[in-house]
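Input: a single structure, listed below in structure tokens.
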Amino acid sequence: MDVVVLDRPEDVADHVAALISRLVERDPRLVIGVATGGTPLPAYRALARGSVDLSGVRLVALDEYVGLPPGHPASYAAYVEREIAGPWGVPAAQVVVPQGSGDDVERRIAELGGVDVQLLGIGRNGHLAFNEPGSAMDSRARVVALSESTRQDNAAPFGGAAVPTHAVTQGIGTLLEARGLVLLATGVAKADAVAAALTGPVSPDCPASAVQRHPRVTVVLDRPAASALAGRGLLEGASSQRVHHPQL
Ligand code: PGA
């Protein structure tokens with residue numbers, strides 16, 4: 001695992017944008033799994049401002065709410081169009097956002113030949129995509145019930161309207177099949193979840209701990225998100241807070 005700790009959230013965005021730019025320069029048709037939370041937004045914007053032509057990439061979203069009308073602004077389909085595909089110039093035919101059954105999500109990912117690089121956020125409760133605590137490490141794409149903490153954390157875009165109770169999400173087993181993972185976290189609110197995911201037992205109690213099972217993982221954190229890692233062995237021995245052995 002490659003853990004990069006940087007000073008500010010902007011540095012996290014720039015680092016991730018540079019990493020993705022390098023990969024797209026090598027493969028303009030890269031299949032990028034995109035997380036749709038607040039954390040990666042600055043990285044998507046940095047990529048849109050950059051000089052690399054992103055219009056050939058294929059995009060696969062992690063998850064989607066169940067029951068929202070098409071085009072609902074809080075849907076992840078709308079997020080991907082507004083924040084990623086639109087600004088990057090990626091045509092709709094190159095975008096997959098989960099909908100329907102889990103089997104359908106699996107089939108569409110398989111049709112793309114799998115995901116080359118999967119960007120991931122982490123929930124305060126350790127969720128990975130919408131795999132909430134208790135999710136099996138080999139779970140496949142499926143419809144899931146959202147936890148109360150997730151519904152609270154995601155309430156803002158709904159502007160006071162009820163947050164959906166269910167979502168269709170890639171499973172943990174699905175995510176682990178991506179050829180590379182990039183986990184991003186910023187802010188002290190994520191510190192405990194990050195420490196549990198990276199240094200705790202691999203367990204359904206912390207779905208994000210599944211990243212420890214993947215051979216090619218880059219974790220990009222700002223200092224507050226990394227603050228609970230001190231003393232847990234992961235960063236010790238490094239000459240600075242930046243532990244970087246590029247894998248991707
Ligand atoms: P966030 O979401 O980036 O909006 O914090 C991450 C997540 O809940 O997985």
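Please note that chains go A, B, ... in the order of the structure tokens, that every chain numbers its residues from 1, and that ligands are numbered from 1 in the order shown.
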(message) When you look at range 161-164 of chain A with a cut-off of 9 Å (counting only C-alpha atoms), what residues show up, excluding the ones that are within fewer than 5 positions of it in the same chain? I need them as a VMD selection string.
(response) chain A and resid 65 to 68 146 151 to 152 154 to 155
(request) Throw together the list of residues within 9 Å of ligand 1, counting only C-alpha atoms and all ligand atoms, and drop it here as a list in words. (result) Ala35, Thr36, Gly37, Gly38, Thr39, Pro40, Leu41, Leu120, Gly121, Ile122, Gly123, Arg124, Asn125, Gly126, His127, Leu128, Ala129, Phe130, Thr150, Asp153, Asn154, Leu184, Ala185, Thr186, Gly187, Ala189 and Lys190 of chain A
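Candidate residues A:Ala193, A:Asp14, A:Ser101, A:Ser209 were compared for distance to Pro224 in chain A, and the nearest is A:Ala193, using only C-alpha atoms.
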(message) Between A:Leu175, A:Ala93, A:Leu23, A:Ala228, which residue has the minimum interatomic distance to Gln118 in chain A, considering only C-alpha atoms?
(response) A:Leu175
If we count only C-alpha atoms, what is near Gly33 in chain A at a cut-off of 7 Å, once residues fewer than 3 positions away on the same chain are taken out, given as a JSON list (two decimals) with C-alpha atoms, in the first residue's frame?
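Below is the file that was written, part-v3.json:
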[["chain", "number", "residue", "atom", "x", "y", "z"],
["A", 59, "LEU", "CA", -16.48, 6.37, -16.46],
["A", 60, "VAL", "CA", -18.14, 3.99, -14.02],
["A", 61, "ALA", "CA", -19.86, 5.35, -10.92],
["A", 62, "LEU", "CA", -19.82, 3.42, -7.65],
["A", 115, "VAL", "CA", -12.23, -0.94, -14.14],
["A", 117, "VAL", "CA", -8.42, 2.63, -11.69],
["A", 118, "GLN", "CA", -11.06, 3.04, -9.02],
["A", 119, "LEU", "CA", -11.28, 6.27, -7.04]]
